[in-house]
Amino acid sequence: MSNQTNIIGPSRDELISIWNGEITVRVRIAGEGPAIVYFHPAGGLYWDEFLDALAENHTVYAPELPGTTPGDPYAIHKVASYNELLLMYEEVLRKLELNQPVGIGQSMGGMVTLDLAASYRNLFSKVVALAPTGLWREDAPIGIADLYAAPPEEVPDFLFNNPSLPSAQAMFAMPEDPEDIPAHIAQNVWALGCAGKFLWPIPDHGLNKRMHRICAPTLVLWGQQDQLLSPTYADEFAAGIPNCAVEVFEDCGHILQVDQLSQAVEQVGQFIN
Amino acid sequence: MKVLSFQQLPYRHLPKDFAQHYNSVVKTPYHELVEPELMHQDHVHFLDEMMHAARCGFDGVGLTEHSQASYDVLPNPNLQLASLAYATQTEGLNTALACLGRSLGKSKEPLRIAEEYAVIDQISGGRLIAGYPISLSYDANQNQGIPPIETRTRFAENIALIDKAYNTPEPFQWNGQFNKHPHVNLWPRPVQPKLPVWAPAVGNPNTLAGILDRDQVFLYLSWFGPKYTGRVFERYWEIAEERGRDLNPYRLAFLQCVAVGETDEEAHREYAPHVQASFNSGLGSIPPQSLGLPGYMDIKGVEFIAKDPGDFGLMPKMRTASYADIVDAQCCIVGGPETVKEQLMELVKKHRIGNLALMVQHGSMPPELTKKNISLLAEKVMPALKEAWVEQGWDKQGWEHKWWPTGLNGSKQV
């Protein structure tokens with residue numbers, strides 16, 4: 001990959017068999033220390049500098065959404081509903097035998113993290129949601145459907161306040177060998193397709209009625225310039241989750257841990273330590 | 001050889017610079033672009049022209065479904081087809097009525113579609129051809145809100161439900177992923193014991209295999225120019241052989257845009273602006289991403305297209321294609337009767353086409369010119385197409401058309 005960032009990435013994987021042996025979930029892992037579980041956004045698991053930073057003094061476990069693991073695309077067809085997805089993730093965490101890890105999720109992963117915390121109240125010790133989906137207001141339309149329909153060259157503008165950052169550009173870098181490009185494109189498009197099963201057309205599965213159940217201390221981070229999900233939603237989460245702190249970053253878009261990496265690492269570090 | 005007259009229902013009065021400023025689907029602003037009286041006129045002219053084709057002796061008339069689109073304002077084509085069923089019945093016109101069709105990957109009410117088809121078959125006395133497309137991505141996903149990755153699984157369940165509803169005499173229960181019914185028991189049932197099914201598609205190998213396995217007709221919608229996309233026909237017949245189907249030319253229907261004048265010169269002069277506007281502001285103004293939202297197409301299909309986008313022919317440049325580009329790619333065959341005959345006959349013979357659906361109205365074309373096109377096709381082109389069938393020796397091979405409406409008594413072909 002041609003990028004100017006220096007990402008260390010995961011050091012090992014665990015394959016967890018769930019759903020009565022029907023599905024194998026790959027969990028990518030890095031670091032040593034107290035456990036963090038990270039749930040990725042719609043584009044699939046992209047290991048970035050934020051995860052590297054967390055792994056400096058934690059063990060980061062990042063399960064992949066069924067269907068998004070290369071070589072196993074049709075696992076997504078075995079997940080019939082969003083409710084089943086939550087049950088599956090709970091099973092993955094149970095089988096990893098983690099003792100009340102910190103749950104962190106970005107965008108779709110943020111919704112998953114919050115819903116798991118609302119459903120299994122002792123699952124996480126703390127919860128961090130980075131611009132999570134899951135709520136809907138008529139006066140703040142959600143840009144998911146437009147993101148999916150956008151031409152590739154417009155996608156970075158949806159996601160970043162500063163798409164020219166090397167770390168932002170690295171997310172969209174193509175393989176150096178032209179032979180590998182079609183499979184790379186197909187994998188990325190398919191990952192969005194898998195996530196679409198739970199996001200399309202509007203990712204509202206009723207979290208607004210459940211978030212009052214969350215008892216783990218919660219931090220919600222948002223970018224003021226988020227083009228996909230209005231920062232208005234940060235206030236909704238703050239009002240609906242009992243023990244919830246909110247920070248909104250300036251000069252920051254939807255993928256806030258790329259646009260404002262150091263702030264994100266600092267805020268999350270202070271909160272979970 | 002069966003020849004159908006096919007039409008979309010575009011709003012015919014779009015501004016000339018439409019393609020530079022608007023997309024033709026999903027968010028196209030209605031009130032900004034439409035004069036209510038003209039939209040009303042277009043709806044009436046559409047039915048007039050379809051009736052003109054029936055009176056001129058076409059074997060059938062056809063149309064299809066698109067929602068939230070300026071190039072084809074037919075959110076439910078069965079509404080128009082019901083009118084045509086009654087009008088042709090009162091005039092004693094023995095014309096097949098082809099709905100090509102209602103999109104099953106989009107539908108949240110597949111039994112409603114089964115009922116509509118049954119009603120049209122009743123009114124027309126058994127003249128319906130039923131179409132079951134999967135749905136274009138923008139229509140199923142952006143307009144109807146179906147998650148893209150569920151489009152094909154929904155299609156598969158919906159077609160199985162409709163099939164069972166037509167073929168099960170007793171009421172039954174249906175417990176599917178998308179449909180749950182305590183009692184399925186259609187009233188009415190179609191007149192025809194087995195509705196002929198034509199399945200519109202653009203050439204995806206998996207889709208073609210499914211069509212052949214269900215023993216339906218593949219209707220190839222070649223908007224993209226058969227000059228470039230002819231390999232889809234070869235693929236279809238190869239898959240037919242692989243799956244043990246015969247090479248009956250009636251298994252294949254082909255939709256082709258045509259515009260006929262008295263001479264080549266007249267045809268180009270009269271039709272060029274309408275044909276160009278049709279492709280630029282219709283198909284060309286659909287954002288390419290809206291034809292394949294992530295998840296709509298299988299991962300292998302995405303990889304295949306990323307390697308080889310050839311099936312899409314002229315599509316990537318359709319928004320700005322010149323009239324010469326469009327005619328050169330055969331997206332529309334334009335000319336005097338001899339030119340059109342020659343090009344159509346070549347396609348028929350080369351690709352074993354048993355059914356031709358000829359699209360006769362394009363973009364801004366007014367009703368007089370549309371009717372002229374229909375009349376010239378019926379008088380000066382259609383007879384030659386029927387001869388092509390004989391020239392190929394297909395008549396002597398005794399191919400039976402198992403996918404043509406049977407009429408009231410179940411055995412006499414319409």
# chains A, B, ... in the order shown; residues from 1 in each chain; ligands from 1
>>> closest_atom_pairs(of="chain B", to="chain A", cutoff="10 Å", atoms="only C-alpha atoms", output="CSV")
residue,atom,partner,partner_atom,distance
B:Tyr138,CA,A:Ala149,CA,8.8
B:Asn141,CA,A:Pro201,CA,7.8
B:Gln142,CA,A:Ala145,CA,7.3
B:Asn143,CA,A:Pro201,CA,9.8
B:Gln144,CA,A:Pro201,CA,9.0
B:Gly145,CA,A:Pro201,CA,5.4
B:Ile146,CA,A:Pro201,CA,7.2
B:Pro147,CA,A:Trp200,CA,5.1
B:Pro148,CA,A:Gly193,CA,6.7
B:Ile149,CA,A:Gly193,CA,5.8
B:Glu150,CA,A:Lys197,CA,7.3
B:Thr153,CA,A:His77,CA,9.1
B:Gln177,CA,A:Ala80,CA,8.3
B:Pro287,CA,A:Ala149,CA,8.3
B:Pro288,CA,A:Pro151,CA,8.0
B:Gln289,CA,A:Ala149,CA,5.5
B:Ser290,CA,A:Ala149,CA,5.8
B:Leu291,CA,A:Ala149,CA,9.1
B:Gly292,CA,A:Ala149,CA,8.6
B:Leu293,CA,A:Ala149,CA,6.1
B:Pro294,CA,A:Gly193,CA,4.5
B:Gly295,CA,A:Gly193,CA,3.5
B:Tyr296,CA,A:Gly193,CA,7.2
B:Met297,CA,A:Trp190,CA,8.4
B:Asp298,CA,A:Trp190,CA,7.7
B:Ile299,CA,A:Ala186,CA,5.6
B:Lys300,CA,A:Ala186,CA,7.3
B:Gly301,CA,A:Ala186,CA,8.2
B:Val302,CA,A:Ala186,CA,5.2
B:Glu303,CA,A:Pro182,CA,5.0
B:Phe304,CA,A:Pro182,CA,7.5
B:Ile305,CA,A:Pro182,CA,8.1
B:Ala306,CA,A:Pro182,CA,5.0
B:Lys307,CA,A:Pro182,CA,5.8
B:Asp308,CA,A:Pro182,CA,9.4
>>> write_last_selection(atoms="N, CA and C atoms", output="CSV table (one decimal), in the first residue's frame")
chain,number,residue,atom,x,y,z
B,138,TYR,N,-31.2,1.5,-8.0
B,138,TYR,CA,-31.8,2.7,-7.5
B,138,TYR,C,-33.2,2.6,-7.1
B,141,ASN,N,-33.4,0.1,-3.9
B,141,ASN,CA,-32.7,0.5,-2.8
B,141,ASN,C,-32.9,1.9,-2.4
B,142,GLN,N,-32.7,2.8,-3.3
B,142,GLN,CA,-32.9,4.2,-3.0
B,142,GLN,C,-34.4,4.6,-2.9
B,143,ASN,N,-35.2,4.1,-3.9
B,143,ASN,CA,-36.6,4.5,-3.9
B,143,ASN,C,-37.4,3.8,-2.9
B,144,GLN,N,-37.2,2.5,-2.8
B,144,GLN,CA,-38.0,1.6,-2.0
B,144,GLN,C,-37.4,1.3,-0.6
B,145,GLY,N,-36.1,1.6,-0.4
B,145,GLY,CA,-35.5,1.4,0.9
B,145,GLY,C,-35.1,0.0,1.2
B,146,ILE,N,-35.1,-0.9,0.2
B,146,ILE,CA,-34.6,-2.3,0.5
B,146,ILE,C,-33.1,-2.2,0.7
B,147,PRO,N,-32.6,-2.8,1.7
B,147,PRO,CA,-31.1,-2.9,1.8
B,147,PRO,C,-30.5,-3.6,0.6
B,148,PRO,N,-29.5,-3.0,0.0
B,148,PRO,CA,-29.1,-3.5,-1.3
B,148,PRO,C,-28.7,-5.0,-1.2
B,149,ILE,N,-28.2,-5.5,-0.1
B,149,ILE,CA,-27.7,-6.9,-0.1
B,149,ILE,C,-28.9,-7.8,0.1
B,150,GLU,N,-30.1,-7.3,0.3
B,150,GLU,CA,-31.3,-8.1,0.4
B,150,GLU,C,-32.1,-8.2,-0.9
B,153,THR,N,-32.1,-11.8,-2.4
B,153,THR,CA,-32.8,-12.7,-1.6
B,153,THR,C,-34.3,-12.4,-1.5
B,177,GLN,N,-38.9,-15.1,5.0
B,177,GLN,CA,-38.1,-14.0,5.7
B,177,GLN,C,-38.8,-12.7,5.5
B,287,PRO,N,-27.0,8.3,-12.2
B,287,PRO,CA,-25.6,8.2,-11.7
B,287,PRO,C,-25.2,6.7,-11.8
B,288,PRO,N,-24.0,6.4,-12.3
B,288,PRO,CA,-23.6,5.0,-12.4
B,288,PRO,C,-23.7,4.3,-11.0
B,289,GLN,N,-23.4,5.0,-10.0
B,289,GLN,CA,-23.4,4.3,-8.6
B,289,GLN,C,-24.8,3.8,-8.3
B,290,SER,N,-25.8,4.5,-8.8
B,290,SER,CA,-27.2,4.2,-8.5
B,290,SER,C,-27.6,2.9,-9.2
B,291,LEU,N,-26.8,2.4,-10.1
B,291,LEU,CA,-27.2,1.2,-10.8
B,291,LEU,C,-26.6,0.0,-10.0
B,292,GLY,N,-25.7,0.3,-9.0
B,292,GLY,CA,-25.1,-0.9,-8.3
B,292,GLY,C,-24.7,-0.4,-6.9
B,293,LEU,N,-25.6,-0.1,-6.0
B,293,LEU,CA,-25.2,0.3,-4.7
B,293,LEU,C,-24.5,-0.8,-4.0
B,294,PRO,N,-23.6,-0.5,-3.1
B,294,PRO,CA,-22.8,-1.6,-2.4
B,294,PRO,C,-23.7,-2.6,-1.8
B,295,GLY,N,-23.5,-3.9,-2.2
B,295,GLY,CA,-24.3,-5.0,-1.7
B,295,GLY,C,-25.3,-5.5,-2.7
B,296,TYR,N,-25.7,-4.6,-3.7
B,296,TYR,CA,-26.7,-5.0,-4.7
B,296,TYR,C,-26.1,-6.1,-5.6
B,297,MET,N,-24.9,-6.0,-5.9
B,297,MET,CA,-24.2,-7.0,-6.7
B,297,MET,C,-23.3,-7.9,-5.9
B,298,ASP,N,-23.3,-9.1,-6.2
B,298,ASP,CA,-22.5,-10.1,-5.5
B,298,ASP,C,-21.0,-9.7,-5.6
B,299,ILE,N,-20.2,-10.0,-4.6
B,299,ILE,CA,-18.8,-9.6,-4.5
B,299,ILE,C,-18.0,-10.1,-5.8
B,300,LYS,N,-18.4,-11.3,-6.3
B,300,LYS,CA,-17.7,-11.8,-7.5
B,300,LYS,C,-18.1,-10.9,-8.7
B,301,GLY,N,-19.3,-10.5,-8.7
B,301,GLY,CA,-19.8,-9.7,-9.8
B,301,GLY,C,-19.1,-8.3,-9.9
B,302,VAL,N,-18.9,-7.7,-8.7
B,302,VAL,CA,-18.2,-6.5,-8.6
B,302,VAL,C,-16.7,-6.6,-9.1
B,303,GLU,N,-16.1,-7.7,-8.7
B,303,GLU,CA,-14.7,-8.0,-9.1
B,303,GLU,C,-14.7,-8.2,-10.6
B,304,PHE,N,-15.7,-8.9,-11.2
B,304,PHE,CA,-15.7,-9.2,-12.6
B,304,PHE,C,-15.8,-7.8,-13.4
B,305,ILE,N,-16.7,-7.0,-12.9
B,305,ILE,CA,-16.9,-5.7,-13.6
B,305,ILE,C,-15.7,-4.8,-13.4
B,306,ALA,N,-15.1,-4.8,-12.3
B,306,ALA,CA,-13.9,-4.0,-12.1
B,306,ALA,C,-12.8,-4.4,-13.0
B,307,LYS,N,-12.8,-5.7,-13.4
B,307,LYS,CA,-11.8,-6.2,-14.3
B,307,LYS,C,-12.2,-5.9,-15.8
B,308,ASP,N,-13.5,-6.0,-16.0
B,308,ASP,CA,-14.0,-6.0,-17.4
B,308,ASP,C,-15.4,-5.3,-17.5
>>> residues_around(residues="range 154-157 of chain B", least_positions_apart="6", cutoff="6 Å", atoms="only C-alpha atoms", output="list of chain:residue names")
B:Leu104, B:Gly105, B:Ile134
>>> write_last_selection(atoms="C-alpha atoms", output="PDB file, in the first residue's frame")
ATOM      1  CA  LEU B 104     -39.689  -8.504  -7.388  1.00  0.00           C
ATOM      2  CA  GLY B 105     -36.466  -7.480  -5.656  1.00  0.00           C
ATOM      3  CA  ILE B 134     -35.035  -8.227 -10.035  1.00  0.00           C
TER       4      ILE B 134
END
>>> atom_distance(atom1="CA of Arg251 in chain B", atom2="CA of Arg352 in chain B")
9.0 Å
>>> residues_around(residues="Ile211 in chain B", least_positions_apart="5", cutoff="10 Å", atoms="only C-alpha atoms", output="PDB file with C-alpha atoms, in the first residue's frame")
ATOM      1  CA  TYR B 132     -40.312 -10.532 -13.196  1.00  0.00           C
ATOM      2  CA  VAL B 197     -42.847 -15.405 -17.949  1.00  0.00           C
ATOM      3  CA  TRP B 198     -40.221 -13.159 -19.489  1.00  0.00           C
ATOM      4  CA  ALA B 199     -37.402 -12.069 -17.224  1.00  0.00           C
ATOM      5  CA  PRO B 200     -35.678  -8.783 -18.082  1.00  0.00           C
ATOM      6  CA  ALA B 201     -31.975  -8.702 -17.216  1.00  0.00           C
ATOM      7  CA  PRO B 205     -24.307 -14.957 -15.477  1.00  0.00           C
ATOM      8  CA  ASN B 206     -25.994 -15.917 -12.189  1.00  0.00           C
ATOM      9  CA  GLN B 216     -38.395 -18.532 -18.537  1.00  0.00           C
ATOM     10  CA  VAL B 217     -37.573 -16.235 -21.449  1.00  0.00           C
ATOM     11  CA  PHE B 218     -34.495 -14.017 -21.045  1.00  0.00           C
ATOM     12  CA  LEU B 219     -35.363 -10.510 -22.160  1.00  0.00           C
ATOM     13  CA  TYR B 236     -26.754 -16.857 -22.603  1.00  0.00           C
ATOM     14  CA  ALA B 240     -28.380 -22.715 -21.753  1.00  0.00           C
ATOM     15  CA  ARG B 251     -36.175 -18.542 -25.149  1.00  0.00           C
TER      16      ARG B 251
END
>>> select_by_dssp(residues="range 185-367 of chain B", states="strand (DSSP E or B)", output="list of chain:residue names")
B:Val197, B:Trp198, B:Ala199, B:Pro200, B:Ala201, B:Val217, B:Phe218, B:Leu219, B:Tyr220, B:Leu221, B:Leu252, B:Ala253, B:Phe254, B:Leu255, B:Gln256, B:Cys257, B:Val258, B:Ala259, B:Val260, B:Cys332, B:Ile333, B:Val334, B:Gly335, B:Asn355, B:Leu356, B:Ala357, B:Leu358, B:Met359
>>> write_last_selection(atoms="N, CA and C atoms", output="mmCIF file, in the first residue's frame")
data_model
loop_
_atom_site.group_PDB
_atom_site.id
_atom_site.type_symbol
_atom_site.label_atom_id
_atom_site.label_comp_id
_atom_site.auth_asym_id
_atom_site.auth_seq_id
_atom_site.Cartn_x
_atom_site.Cartn_y
_atom_site.Cartn_z
ATOM 1 N N VAL B 197 -43.690 -16.326 -18.724
ATOM 2 C CA VAL B 197 -42.847 -15.405 -17.949
ATOM 3 C C VAL B 197 -41.628 -15.001 -18.763
ATOM 4 N N TRP B 198 -41.433 -13.695 -18.882
ATOM 5 C CA TRP B 198 -40.221 -13.159 -19.489
ATOM 6 C C TRP B 198 -39.479 -12.392 -18.390
ATOM 7 N N ALA B 199 -38.187 -12.659 -18.307
ATOM 8 C CA ALA B 199 -37.402 -12.069 -17.224
ATOM 9 C C ALA B 199 -36.390 -11.071 -17.787
ATOM 10 N N PRO B 200 -36.631 -9.788 -17.596
ATOM 11 C CA PRO B 200 -35.678 -8.783 -18.082
ATOM 12 C C PRO B 200 -34.393 -8.803 -17.262
ATOM 13 N N ALA B 201 -33.263 -8.703 -17.919
ATOM 14 C CA ALA B 201 -31.975 -8.702 -17.216
ATOM 15 C C ALA B 201 -30.927 -8.087 -18.147
ATOM 16 N N VAL B 217 -38.233 -16.934 -20.342
ATOM 17 C CA VAL B 217 -37.573 -16.235 -21.449
ATOM 18 C C VAL B 217 -36.633 -15.178 -20.872
ATOM 19 N N PHE B 218 -35.417 -15.111 -21.395
ATOM 20 C CA PHE B 218 -34.495 -14.017 -21.045
ATOM 21 C C PHE B 218 -34.780 -12.842 -21.969
ATOM 22 N N LEU B 219 -35.189 -11.740 -21.384
ATOM 23 C CA LEU B 219 -35.363 -10.510 -22.160
ATOM 24 C C LEU B 219 -34.132 -9.656 -21.934
ATOM 25 N N TYR B 220 -33.330 -9.541 -22.961
ATOM 26 C CA TYR B 220 -32.101 -8.752 -22.851
ATOM 27 C C TYR B 220 -32.395 -7.302 -23.204
ATOM 28 N N LEU B 221 -32.152 -6.450 -22.215
ATOM 29 C CA LEU B 221 -32.419 -5.023 -22.394
ATOM 30 C C LEU B 221 -31.122 -4.375 -22.844
ATOM 31 N N LEU B 252 -35.357 -16.468 -26.088
ATOM 32 C CA LEU B 252 -34.652 -15.188 -26.029
ATOM 33 C C LEU B 252 -35.518 -14.070 -26.601
ATOM 34 N N ALA B 253 -35.668 -13.031 -25.825
ATOM 35 C CA ALA B 253 -36.302 -11.803 -26.311
ATOM 36 C C ALA B 253 -35.264 -10.691 -26.227
ATOM 37 N N PHE B 254 -35.345 -9.792 -27.172
ATOM 38 C CA PHE B 254 -34.355 -8.720 -27.230
ATOM 39 C C PHE B 254 -35.069 -7.387 -27.386
ATOM 40 N N LEU B 255 -34.692 -6.440 -26.525
ATOM 41 C CA LEU B 255 -35.308 -5.120 -26.615
ATOM 42 C C LEU B 255 -34.354 -4.161 -27.314
ATOM 43 N N GLN B 256 -34.804 -3.577 -28.405
ATOM 44 C CA GLN B 256 -33.953 -2.705 -29.202
ATOM 45 C C GLN B 256 -34.694 -1.395 -29.520
ATOM 46 N N CYS B 257 -34.004 -0.278 -29.359
ATOM 47 C CA CYS B 257 -34.572 1.012 -29.743
ATOM 48 C C CYS B 257 -34.492 1.154 -31.264
ATOM 49 N N VAL B 258 -35.574 1.624 -31.872
ATOM 50 C CA VAL B 258 -35.587 1.816 -33.322
ATOM 51 C C VAL B 258 -36.314 3.106 -33.676
ATOM 52 N N ALA B 259 -35.945 3.675 -34.810
ATOM 53 C CA ALA B 259 -36.629 4.862 -35.335
ATOM 54 C C ALA B 259 -36.556 4.783 -36.864
ATOM 55 N N VAL B 260 -37.712 4.634 -37.490
ATOM 56 C CA VAL B 260 -37.766 4.422 -38.937
ATOM 57 C C VAL B 260 -38.396 5.619 -39.633
ATOM 58 N N CYS B 332 -29.566 2.861 -30.613
ATOM 59 C CA CYS B 332 -30.807 3.039 -31.357
ATOM 60 C C CYS B 332 -30.491 2.809 -32.832
ATOM 61 N N ILE B 333 -31.299 1.978 -33.460
ATOM 62 C CA ILE B 333 -31.133 1.740 -34.893
ATOM 63 C C ILE B 333 -32.054 2.718 -35.621
ATOM 64 N N VAL B 334 -31.443 3.602 -36.405
ATOM 65 C CA VAL B 334 -32.192 4.680 -37.058
ATOM 66 C C VAL B 334 -31.956 4.610 -38.557
ATOM 67 N N GLY B 335 -33.006 4.780 -39.342
ATOM 68 C CA GLY B 335 -32.823 4.821 -40.795
ATOM 69 C C GLY B 335 -34.116 4.564 -41.533
ATOM 70 N N ASN B 355 -37.908 -13.344 -30.116
ATOM 71 C CA ASN B 355 -38.872 -12.292 -29.783
ATOM 72 C C ASN B 355 -38.160 -10.944 -29.801
ATOM 73 N N LEU B 356 -38.685 -10.017 -30.573
ATOM 74 C CA LEU B 356 -38.096 -8.677 -30.618
ATOM 75 C C LEU B 356 -39.072 -7.689 -30.000
ATOM 76 N N ALA B 357 -38.602 -6.961 -28.997
ATOM 77 C CA ALA B 357 -39.395 -5.852 -28.463
ATOM 78 C C ALA B 357 -38.754 -4.571 -28.982
ATOM 79 N N LEU B 358 -39.479 -3.829 -29.760
ATOM 80 C CA LEU B 358 -38.923 -2.628 -30.389
ATOM 81 C C LEU B 358 -39.400 -1.393 -29.648
ATOM 82 N N MET B 359 -38.444 -0.667 -29.103
ATOM 83 C CA MET B 359 -38.814 0.558 -28.374
ATOM 84 C C MET B 359 -39.018 1.673 -29.385
#
>>> residues_around(residues="Phe249 in chain A", least_positions_apart="4", cutoff="12 Å", atoms="only C-alpha atoms", output="list in words")
Leu130, Ala131, Asn161, Val220, Leu221, Trp222, Gly223, Gln224, Gln225, Asp226, Pro231, Ala234, Gly253, His254, Ile255, Leu256, Gln257, Val258, Asp259, Gln260, Leu261, Ser262, Gln263, Ala264 and Gln267 of chain A
>>> closest_residue(among="B:Glu265, B:Asp325, B:Glu391, B:Asp246", to="Lys349 in chain B", atoms="only C-alpha atoms")
B:Glu391
>>> residues_around(residues="Glu35 in chain B", least_positions_apart="5", cutoff="10 Å", atoms="only C-alpha atoms", output="list in words")
Tyr11, His13, Leu14, Tyr30 and His40 of chain B
>>> write_last_selection(atoms="C-alpha atoms", output="mmCIF file, in the first residue's frame")
data_model
loop_
_atom_site.group_PDB
_atom_site.id
_atom_site.type_symbol
_atom_site.label_atom_id
_atom_site.label_comp_id
_atom_site.auth_asym_id
_atom_site.auth_seq_id
_atom_site.Cartn_x
_atom_site.Cartn_y
_atom_site.Cartn_z
ATOM 1 C CA TYR B 11 -41.819 13.263 -19.489
ATOM 2 C CA HIS B 13 -40.816 18.284 -22.208
ATOM 3 C CA LEU B 14 -37.588 18.321 -20.214
ATOM 4 C CA TYR B 30 -40.867 17.307 -9.991
ATOM 5 C CA HIS B 40 -51.346 14.624 -18.306
#
>>> residues_around(residues="Leu408 in chain B", least_positions_apart="5", cutoff="7 Å", atoms="only C-alpha atoms", output="list in words")
Gly125, Gly126, Val191 and Gln192 of chain B
>>> select_by_dssp(residues="range 3-203 of chain A", states="alpha helix (DSSP H)", output="number ranges by chain")
A: 49-54, 82-96, 108-119, 144-149, 155-159, 166-171, 181-199
>>> write_last_selection(atoms="C-alpha atoms", output="compact mmCIF listing (two decimals), in the first residue's frame")
# COMPACT_ATOMS: atom_id res chain seq x y z
CA GLU A 49 -3.21 5.04 14.07
CA PHE A 50 -5.93 5.45 16.69
CA LEU A 51 -6.04 1.69 17.24
CA ASP A 52 -2.25 1.54 17.29
CA ALA A 53 -2.26 4.20 20.02
CA LEU A 54 -4.82 2.29 22.09
CA TYR A 82 -29.70 -6.66 13.64
CA ASN A 83 -30.90 -8.42 16.78
CA GLU A 84 -29.12 -11.58 15.67
CA LEU A 85 -25.97 -9.55 15.06
CA LEU A 86 -26.02 -8.31 18.66
CA LEU A 87 -26.46 -11.88 19.94
CA MET A 88 -23.54 -12.97 17.78
CA TYR A 89 -21.22 -10.24 19.06
CA GLU A 90 -22.18 -11.08 22.65
CA GLU A 91 -21.24 -14.70 21.94
CA VAL A 92 -17.89 -13.63 20.49
CA LEU A 93 -17.09 -11.58 23.58
CA ARG A 94 -18.19 -14.38 25.92
CA LYS A 95 -15.95 -16.85 24.12
CA LEU A 96 -12.99 -14.47 24.25
CA MET A 108 -22.06 1.73 12.93
CA GLY A 109 -19.70 0.17 15.46
CA GLY A 110 -20.69 2.87 17.93
CA MET A 111 -24.34 1.88 17.55
CA VAL A 112 -23.40 -1.76 18.09
CA THR A 113 -21.38 -0.90 21.21
CA LEU A 114 -24.19 1.17 22.73
CA ASP A 115 -26.81 -1.45 21.93
CA LEU A 116 -24.69 -4.20 23.48
CA ALA A 117 -24.24 -2.01 26.58
CA ALA A 118 -28.01 -1.46 26.74
CA SER A 119 -28.81 -5.16 26.26
CA ILE A 144 -25.87 7.14 4.89
CA ALA A 145 -27.92 6.66 1.71
CA ASP A 146 -26.09 9.52 -0.01
CA LEU A 147 -22.72 8.12 1.06
CA TYR A 148 -23.56 4.75 -0.45
CA ALA A 149 -24.66 6.39 -3.73
CA VAL A 155 -16.59 9.68 -0.47
CA PRO A 156 -13.65 11.30 1.42
CA ASP A 157 -15.58 14.58 1.63
CA PHE A 158 -18.36 12.76 3.47
CA LEU A 159 -15.98 11.28 5.99
CA PRO A 166 -2.06 11.39 4.61
CA SER A 167 -3.87 9.15 7.08
CA ALA A 168 -7.19 9.95 5.38
CA GLN A 169 -5.76 9.31 1.92
CA ALA A 170 -4.17 6.06 3.10
CA MET A 171 -7.64 4.64 3.80
CA ILE A 181 -7.11 -3.75 -7.66
CA PRO A 182 -10.39 -5.44 -8.77
CA ALA A 183 -10.43 -7.77 -5.75
CA HIS A 184 -9.57 -4.86 -3.45
CA ILE A 185 -12.44 -2.77 -4.85
CA ALA A 186 -14.84 -5.71 -4.59
CA GLN A 187 -13.84 -6.35 -0.97
CA ASN A 188 -14.43 -2.72 0.02
CA VAL A 189 -17.73 -2.46 -1.84
CA TRP A 190 -18.90 -5.75 -0.31
CA ALA A 191 -17.99 -4.57 3.21
CA LEU A 192 -20.29 -1.58 2.74
CA GLY A 193 -22.93 -3.92 1.38
CA CYS A 194 -22.70 -6.12 4.48
CA ALA A 195 -22.99 -3.12 6.78
CA GLY A 196 -25.93 -1.89 4.71
CA LYS A 197 -27.92 -4.81 6.02
CA PHE A 198 -28.03 -3.00 9.37
CA LEU A 199 -27.76 0.63 8.24
>>> atom_distance(atom1="CA of Gly261 in chain B", atom2="CA of Pro337 in chain B")
6.9 Å
>>> atom_distance(atom1="CA of Glu270 in chain B", atom2="CA of Val61 in chain B")
23.7 Å
>>> residues_around(residues="range 280-282 of chain B", least_positions_apart="6", cutoff="6 Å", atoms="only C-alpha atoms", output="MDAnalysis selection string")
chainID B and resid 19 24 71 318:320
>>> write_last_selection(atoms="C-alpha atoms", output="short mmCIF file (atom, residue, chain, number, x, y, z; two decimals), in the first residue's frame")
data_model
loop_
_atom_site.label_atom_id
_atom_site.label_comp_id
_atom_site.auth_asym_id
_atom_site.auth_seq_id
_atom_site.Cartn_x
_atom_site.Cartn_y
_atom_site.Cartn_z
CA ALA B 19 -28.45 16.28 -18.51
CA SER B 24 -33.07 11.44 -14.08
CA TYR B 71 -37.34 9.03 -18.10
CA MET B 318 -24.17 8.03 -22.20
CA ARG B 319 -24.85 11.37 -20.49
CA THR B 320 -22.75 13.21 -23.05
#
